[in-house]
$ cat run.txt   # compact mmCIF, C-alpha atoms and all ligand atoms
# COMPACT_ATOMS: atom_id res chain seq x y z
CA MET A 273 109.06 10.33 18.04
CA LYS A 274 108.78 9.15 14.34
CA ILE A 275 109.83 11.69 11.75
CA MET A 276 108.90 11.22 8.08
CA LYS A 277 111.75 11.10 5.57
CA GLY A 278 112.59 14.54 4.22
CA VAL A 279 110.85 16.35 7.08
CA HIS A 280 113.22 18.33 9.19
CA LEU A 281 112.50 18.73 12.85
CA ILE A 282 113.24 22.26 13.92
CA ILE A 283 113.33 22.79 17.64
CA ILE A 284 112.98 26.43 18.52
CA LYS A 285 114.22 27.16 22.00
CA ARG A 286 112.05 29.95 23.32
CA ASN A 287 113.00 32.17 26.19
CA MET A 288 111.58 31.20 29.54
CA LYS A 289 108.56 33.29 30.57
CA VAL A 290 109.13 34.66 34.04
CA LEU A 291 106.73 36.51 36.33
CA ASN A 292 108.56 38.71 38.85
CA LEU A 293 106.06 39.76 41.53
CA TYR A 294 106.76 42.57 44.06
CA ALA A 295 109.75 43.39 41.88
CA GLY A 296 111.24 46.43 43.65
CA ILE A 297 114.29 47.63 41.71
CA GLY A 298 115.03 44.06 40.61
CA GLY A 299 117.85 42.68 42.76
CA ASN A 300 116.65 39.09 42.27
CA ARG A 301 116.27 39.52 38.51
CA LYS A 302 119.81 40.69 37.74
CA LEU A 303 121.52 37.43 36.70
CA TRP A 304 118.65 35.64 34.95
CA LYS A 305 119.60 35.28 31.29
CA ASN A 306 117.50 34.33 28.24
CA VAL A 307 114.24 35.14 29.96
CA ASN A 308 111.17 37.19 29.06
CA VAL A 309 110.26 38.90 32.28
CA THR A 310 106.99 40.53 33.29
CA MET A 311 107.30 42.45 36.54
CA LEU A 312 104.65 43.72 38.96
CA GLU A 313 105.28 46.62 41.29
CA ASN A 314 102.62 48.87 42.81
CA ASN A 315 104.86 51.91 43.28
CA LYS A 316 105.40 53.77 39.99
CA GLU A 317 108.53 55.52 41.16
CA ILE A 318 110.15 52.19 42.04
CA ALA A 319 108.94 50.61 38.80
CA ASP A 320 110.61 53.46 36.88
CA VAL A 321 113.94 52.67 38.54
CA TYR A 322 113.50 48.98 37.64
CA LYS A 323 112.85 50.02 34.02
CA ARG A 324 116.20 51.83 33.90
CA PHE A 325 118.00 48.62 34.82
CA TYR A 326 115.85 46.29 32.68
CA PRO A 327 114.49 48.26 29.72
CA LEU A 328 113.39 45.11 27.90
CA ASP A 329 111.24 43.71 30.71
CA LYS A 330 107.48 44.24 30.67
CA VAL A 331 106.70 46.57 33.57
CA ILE A 332 103.21 46.53 35.07
CA ILE A 333 102.26 48.92 37.83
CA GLY A 334 99.56 47.21 39.83
CA ASP A 335 98.69 44.71 42.52
CA ALA A 336 100.78 41.55 42.45
CA MET A 337 98.07 39.26 43.87
CA ASP A 338 95.39 40.41 41.42
CA TYR A 339 97.76 39.90 38.51
CA LEU A 340 98.85 36.50 39.77
CA MET A 341 95.29 35.17 40.07
CA ASP A 342 94.48 36.12 36.48
CA ASN A 343 97.77 35.26 34.81
CA PHE A 344 99.76 32.60 36.69
CA ASP A 345 99.15 30.07 33.92
CA LYS A 346 101.01 32.12 31.31
CA PHE A 347 104.44 31.74 32.91
CA ASP A 348 107.10 29.04 33.32
CA PHE A 349 108.60 30.49 36.49
CA ILE A 350 107.05 32.71 39.15
CA TRP A 351 109.06 34.60 41.75
CA ALA A 352 107.34 36.57 44.53
CA SER A 353 109.01 38.84 47.10
CA PRO A 354 106.11 40.22 49.17
CA PRO A 355 106.94 42.99 51.67
CA CYS A 356 108.72 41.71 54.74
CA GLN A 357 108.48 44.56 57.28
CA THR A 358 105.59 43.08 59.28
CA HIS A 359 107.38 39.71 59.58
CA SER A 360 110.88 40.93 60.33
CA LYS A 361 112.62 40.22 63.65
CA MET A 362 114.41 43.56 63.55
CA ARG A 363 111.17 45.48 63.09
CA TYR A 364 109.47 43.42 65.81
CA LEU A 365 112.21 44.20 68.33
CA ALA A 366 112.16 47.87 67.36
CA SER A 367 108.37 47.91 67.85
CA LYS A 368 108.82 46.37 71.30
CA ARG A 369 111.24 49.20 72.12
CA GLY A 370 108.62 51.70 71.00
CA ASP A 371 110.42 52.83 67.83
CA TYR A 372 107.49 51.77 65.62
CA LYS A 373 103.78 51.20 66.12
CA PRO A 374 103.20 47.40 66.29
CA LYS A 375 101.60 46.10 63.09
CA LEU A 376 99.66 42.93 62.30
CA PRO A 377 101.77 40.53 60.21
CA ASN A 378 100.64 40.73 56.59
CA LEU A 379 99.36 37.23 55.88
CA HIS A 380 99.30 37.79 52.13
CA LEU A 381 102.63 35.98 52.30
CA TYR A 382 100.81 32.76 53.23
CA SER A 383 97.90 33.38 50.81
CA LEU A 384 100.43 33.51 48.03
CA ILE A 385 102.14 30.28 49.07
CA LEU A 386 98.81 28.43 49.46
CA PHE A 387 97.56 29.70 46.11
CA LEU A 388 100.74 28.65 44.31
CA GLN A 389 100.85 25.28 46.08
CA HIS A 390 97.34 24.44 44.92
CA PHE A 391 96.89 26.17 41.56
CA ALA A 392 100.39 26.37 40.12
CA LYS A 393 101.65 22.81 40.69
CA HIS A 394 102.61 22.52 37.02
CA LYS A 395 104.74 25.70 37.14
CA LYS A 396 107.97 26.38 38.95
CA TRP A 397 107.43 28.96 41.67
CA VAL A 398 109.23 30.46 44.63
CA VAL A 399 108.18 32.88 47.36
CA GLU A 400 110.85 34.77 49.29
CA ASN A 401 110.70 36.49 52.65
CA VAL A 402 112.74 37.18 55.77
CA ASN A 403 113.22 34.84 58.70
CA PRO A 404 110.25 35.99 60.82
CA TYR A 405 109.98 36.71 64.55
CA TYR A 406 107.35 33.94 64.95
CA LYS A 407 107.29 30.24 63.95
CA THR A 408 106.47 30.13 60.24
CA LEU A 409 102.88 29.07 59.53
CA ILE A 410 104.06 27.06 56.52
CA GLU A 411 107.42 25.28 56.66
CA PRO A 412 109.82 26.87 54.15
CA THR A 413 111.79 24.81 51.63
CA ILE A 414 115.10 26.33 52.67
CA LYS A 415 116.83 29.24 54.38
CA LEU A 416 119.53 30.79 52.22
CA ASP A 417 121.52 33.91 52.94
CA ARG A 418 119.19 35.91 55.25
CA HIS A 419 115.97 34.81 53.50
CA LEU A 420 113.44 32.00 53.66
CA PHE A 421 112.17 30.42 50.45
CA TRP A 422 109.03 28.42 49.79
CA SER A 423 109.05 26.60 46.44
CA ASN A 424 107.73 23.56 44.60
CA PHE A 425 111.22 22.35 43.66
CA GLY A 426 114.25 21.43 45.71
CA ILE A 427 116.76 24.18 46.39
CA GLY A 428 120.31 23.08 47.19
CA LYS A 429 122.29 24.56 50.05
CA ASN A 430 124.91 27.05 48.98
CA LYS A 431 127.18 29.71 50.44
CA PHE A 432 127.11 33.29 49.25
CA GLU A 433 129.47 36.16 49.85
CA LYS A 434 128.10 38.76 52.23
CA PRO A 435 127.76 42.29 50.82
CA GLU A 436 130.65 44.61 51.73
CA VAL A 437 128.44 47.10 53.56
CA LYS A 438 126.48 45.64 56.50
CA HIS A 439 122.69 45.79 56.31
CA LYS A 440 122.41 48.39 59.09
CA LYS A 441 125.06 50.60 57.48
CA VAL A 442 123.39 50.83 54.07
CA THR A 443 122.66 54.39 52.90
CA GLY A 444 121.21 55.76 49.66
CA LYS A 445 124.78 56.03 48.38
CA THR A 446 125.69 52.39 48.97
CA ILE A 447 126.40 50.50 45.78
CA ARG A 448 125.25 46.95 46.36
CA TYR A 449 125.32 44.08 43.82
CA GLY A 450 126.32 46.71 41.23
CA PHE A 451 123.13 48.78 41.69
CA ASP A 452 123.97 52.47 41.95
CA LEU A 453 121.08 54.83 42.73
CA THR A 454 123.19 57.93 43.39
CA GLY A 455 122.35 59.77 40.15
CA ILE A 456 118.60 59.02 40.37
CA LYS A 457 116.17 61.53 41.90
CA LEU A 458 113.66 59.77 44.13
CA LYS A 459 111.12 60.62 46.82
CA HIS A 460 111.30 57.05 48.11
CA ARG A 461 114.05 56.16 50.61
CA LYS A 462 116.91 54.78 48.54
CA ASP A 463 118.48 52.89 51.44
CA GLN A 464 115.27 50.89 51.79
CA LEU A 465 115.26 49.92 48.10
CA ILE A 466 118.87 48.80 48.42
CA ARG A 467 118.23 46.82 51.63
CA ASN A 468 115.17 45.19 50.06
CA MET A 469 117.17 43.59 47.28
CA VAL A 470 117.67 39.85 47.15
CA ASN A 471 121.27 38.91 46.39
CA PRO A 472 121.29 38.26 42.61
CA GLU A 473 123.62 35.25 43.16
CA VAL A 474 121.03 33.68 45.46
CA ALA A 475 118.25 34.26 42.92
CA LEU A 476 120.40 32.80 40.13
CA HIS A 477 121.14 29.73 42.24
CA ILE A 478 117.40 29.24 42.82
CA PHE A 479 116.60 29.73 39.14
CA ASP A 480 119.26 27.12 38.26
CA CYS A 481 117.82 24.69 40.82
CA ALA A 482 114.39 25.07 39.20
CA PHE A 483 115.58 24.23 35.70
CA ASN A 484 119.01 22.70 35.53
CA LYS A 485 121.00 21.51 38.47
CA GLY A 486 119.57 18.86 40.72
CA SER A 487 115.98 20.09 40.66
CA LEU A 488 113.78 17.92 42.80
CA ASN A 489 110.01 18.28 42.88
CA VAL A 490 108.63 18.48 46.37
CA GLY A 491 104.92 19.06 45.86
C1 LIG A 501 110.83 43.18 49.25
S1 LIG A 501 110.59 44.38 48.00
C2 LIG A 501 111.12 43.49 46.57
C3 LIG A 501 112.60 43.36 46.41
C4 LIG A 501 113.02 42.72 45.11
N1 LIG A 501 112.66 41.31 45.07
C5 LIG A 501 114.52 42.86 44.85
O1 LIG A 501 115.23 41.84 44.91
O2 LIG A 501 114.98 43.98 44.59
C6 LIG A 501 108.83 44.37 47.81
C7 LIG A 501 108.30 45.35 46.75
O3 LIG A 501 106.89 45.08 46.58
C8 LIG A 501 106.22 46.30 46.33
N2 LIG A 501 104.80 46.04 46.67
C9 LIG A 501 104.20 46.11 47.89
N3 LIG A 501 102.92 45.74 47.82
C10 LIG A 501 102.68 45.42 46.53
C11 LIG A 501 101.54 44.94 45.83
N4 LIG A 501 100.39 44.72 46.46
N5 LIG A 501 101.66 44.69 44.50
C12 LIG A 501 102.83 44.91 43.85
N6 LIG A 501 103.95 45.36 44.46
C13 LIG A 501 103.88 45.61 45.78
C14 LIG A 501 106.94 47.31 47.19
O4 LIG A 501 106.77 48.62 46.69
C15 LIG A 501 108.38 46.82 47.13
O5 LIG A 501 109.11 47.50 46.12

$ encode --input "run.txt" --output "structure tokens" --more "lines below"
Ligand SMILES: C[S@@+](CC[C@H](N)C(=O)[O-])C[C@H]1O[C@@H](n2cnc3c(N)ncnc32)[C@H](O)[C@@H]1O
Amino acid sequence: MKIMKGVHLIIIKRNMKVLNLYAGIGGNRKLWKNVNVTMLENNKEIADVYKRFYPLDKVIIGDAMDYLMDNFDKFDFIWASPPCQTHSKMRYLASKRGDYKPKLPNLHLYSLILFLQHFAKHKKWVVENVNPYYKTLIEPTIKLDRHLFWSNFGIGKNKFEKPEVKHKKVTGKTIRYGFDLTGIKLKHRKDQLIRNMVNPEVALHIFDCAFNKGSLNVG
């Protein structure tokens, strides 16, 4: 780039614009620094808890898919954690035992991936879910921790420490990844919010893969 004599080039580094879809209480968001985050959550009570932890984030209570379709182009990085219950192996086995009514798998998971693959090629995006009880309809980019990830950049393998309290043993009083819900009054089951969280270290690793370390475009 040619710069005229006497003209100073000022590069202003702006914060990355991040869209955090199906945000829950924000486990995945915890270690992202220097970001402007907009979050989508359709449960107001859960969104209010998120707001306590991240008062500077823009909180939108609404449908993640609707928002994505209208706004995906405004962000540098998109993270989506759609609900996993209807894909989960544990839930499937429990349904077979008669503990739950069997439910159709929610294929919004795949709508999201297809939409992002075709309309958001110029953005960095990642969709997270559990390892399902069936063969995935779209091959994931990687399995990390206990989750599958679909993304348009390479994600390196990595090892993460397991939480102290096992998944099955989590209660509303469990403090996981530094999130403590004990003093917060909620109608929603706290143990579920805690179990739903993505390990912040995993989400940081993925964020770093998208922008810094060894990012590799895959489609
Ligand atoms: C798997 S949890 C997200 C966990 C979160 N990524 C974390 O690390 O803490 C999915 C969240 O999506 C919310 N949700 C479900 N359907 C939604 C929709 N259509 N639009 C927005 N949020 C939705 C649920 O209330 C739930 O809190």

$ residues_around --input "run.txt" --residues "A:Phe479" --least-positions-apart "6" --cutoff "12 Å" --atoms "only C-alpha atoms" --output "mmCIF file with C-alpha atoms, keeping the file's coordinate frame"
data_model
loop_
_atom_site.group_PDB
_atom_site.id
_atom_site.type_symbol
_atom_site.label_atom_id
_atom_site.label_comp_id
_atom_site.auth_asym_id
_atom_site.auth_seq_id
_atom_site.Cartn_x
_atom_site.Cartn_y
_atom_site.Cartn_z
ATOM 1 C CA MET A 288 111.580 31.200 29.540
ATOM 2 C CA VAL A 290 109.130 34.660 34.040
ATOM 3 C CA ASN A 300 116.650 39.090 42.270
ATOM 4 C CA ARG A 301 116.270 39.520 38.510
ATOM 5 C CA LYS A 302 119.810 40.690 37.740
ATOM 6 C CA LEU A 303 121.520 37.430 36.700
ATOM 7 C CA TRP A 304 118.650 35.640 34.950
ATOM 8 C CA LYS A 305 119.600 35.280 31.290
ATOM 9 C CA ASN A 306 117.500 34.330 28.240
ATOM 10 C CA VAL A 307 114.240 35.140 29.960
ATOM 11 C CA ASP A 348 107.100 29.040 33.320
ATOM 12 C CA PHE A 349 108.600 30.490 36.490
ATOM 13 C CA ILE A 350 107.050 32.710 39.150
ATOM 14 C CA TRP A 351 109.060 34.600 41.750
ATOM 15 C CA LYS A 396 107.970 26.380 38.950
ATOM 16 C CA TRP A 397 107.430 28.960 41.670
ATOM 17 C CA VAL A 398 109.230 30.460 44.630
ATOM 18 C CA SER A 423 109.050 26.600 46.440
ATOM 19 C CA PHE A 425 111.220 22.350 43.660
ATOM 20 C CA GLY A 426 114.250 21.430 45.710
ATOM 21 C CA ILE A 427 116.760 24.180 46.390
ATOM 22 C CA GLY A 428 120.310 23.080 47.190
ATOM 23 C CA PRO A 472 121.290 38.260 42.610
ATOM 24 C CA GLU A 473 123.620 35.250 43.160
ATOM 25 C CA LYS A 485 121.000 21.510 38.470
ATOM 26 C CA GLY A 486 119.570 18.860 40.720
ATOM 27 C CA SER A 487 115.980 20.090 40.660
#

$ residues_near_ligand --input "run.txt" --ligand "ligand LIG 501 (chain A)" --cutoff "6 Å" --atoms "only C-alpha atoms and all ligand atoms" --output "ChimeraX atom specification"
/A:294-300,312-315,334-336,353-355,468-470

$ write_last_selection --input "run.txt" --atoms "C-alpha atoms" --output "PDB file, in the frame of the given file"
ATOM      1  CA  TYR A 294     106.760  42.570  44.060  1.00  0.00           C
ATOM      2  CA  ALA A 295     109.750  43.390  41.880  1.00  0.00           C
ATOM      3  CA  GLY A 296     111.240  46.430  43.650  1.00  0.00           C
ATOM      4  CA  ILE A 297     114.290  47.630  41.710  1.00  0.00           C
ATOM      5  CA  GLY A 298     115.030  44.060  40.610  1.00  0.00           C
ATOM      6  CA  GLY A 299     117.850  42.680  42.760  1.00  0.00           C
ATOM      7  CA  ASN A 300     116.650  39.090  42.270  1.00  0.00           C
ATOM      8  CA  LEU A 312     104.650  43.720  38.960  1.00  0.00           C
ATOM      9  CA  GLU A 313     105.280  46.620  41.290  1.00  0.00           C
ATOM     10  CA  ASN A 314     102.620  48.870  42.810  1.00  0.00           C
ATOM     11  CA  ASN A 315     104.860  51.910  43.280  1.00  0.00           C
ATOM     12  CA  GLY A 334      99.560  47.210  39.830  1.00  0.00           C
ATOM     13  CA  ASP A 335      98.690  44.710  42.520  1.00  0.00           C
ATOM     14  CA  ALA A 336     100.780  41.550  42.450  1.00  0.00           C
ATOM     15  CA  SER A 353     109.010  38.840  47.100  1.00  0.00           C
ATOM     16  CA  PRO A 354     106.110  40.220  49.170  1.00  0.00           C
ATOM     17  CA  PRO A 355     106.940  42.990  51.670  1.00  0.00           C
ATOM     18  CA  ASN A 468     115.170  45.190  50.060  1.00  0.00           C
ATOM     19  CA  MET A 469     117.170  43.590  47.280  1.00  0.00           C
ATOM     20  CA  VAL A 470     117.670  39.850  47.150  1.00  0.00           C
TER      21      VAL A 470
END

$ closest_residue --input "run.txt" --among "A:Ala482, A:Thr408, A:Leu476, A:Asn287" --to "A:Asn430" --atoms "all atoms listed in the file"
A:Leu476

$ atom_distance --input "run.txt" --atom1 "atom CA of A:His359" --atom2 "atom CA of A:Pro377"
5.7 Å

$ atom_distance --input "run.txt" --atom1 "atom CA of A:Ser367" --atom2 "atom CA of A:Asn403"
16.7 Å

$ residues_around --input "run.txt" --residues "A:Lys375" --least-positions-apart "3" --cutoff "10 Å" --atoms "only C-alpha atoms" --output "list of chain:residue names"
A:Gln357, A:Thr358, A:His359, A:Arg363, A:Tyr364, A:Ser367, A:Tyr372, A:Asn378

$ atom_distance --input "run.txt" --atom1 "atom CA of A:Asp463" --atom2 "atom CA of A:Val442"
5.9 Å

$ residues_around --input "run.txt" --residues "A:Phe421" --least-positions-apart "2" --cutoff "10 Å" --atoms "only C-alpha atoms" --output "PyMOL selection string"
chain A and resi 352-353+398-403+411-416+419+423+427+478

$ residues_around --input "run.txt" --residues "A:Thr454" --least-positions-apart "3" --cutoff "9 Å" --atoms "only C-alpha atoms" --output "JSON list (two decimals) with C-alpha atoms, in the coordinates of the input"
[["chain", "number", "residue", "atom", "x", "y", "z"],
["A", 444, "GLY", "CA", 121.21, 55.76, 49.66],
["A", 445, "LYS", "CA", 124.78, 56.03, 48.38],
["A", 446, "THR", "CA", 125.69, 52.39, 48.97],
["A", 447, "ILE", "CA", 126.40, 50.50, 45.78],
["A", 457, "LYS", "CA", 116.17, 61.53, 41.90],
["A", 462, "LYS", "CA", 116.91, 54.78, 48.54]]

$ residues_around --input "run.txt" --residues "A:His460" --least-positions-apart "5" --cutoff "10 Å" --atoms "all atoms listed in the file" --output "PyMOL selection string"
chain A and resi 315+317-318+465
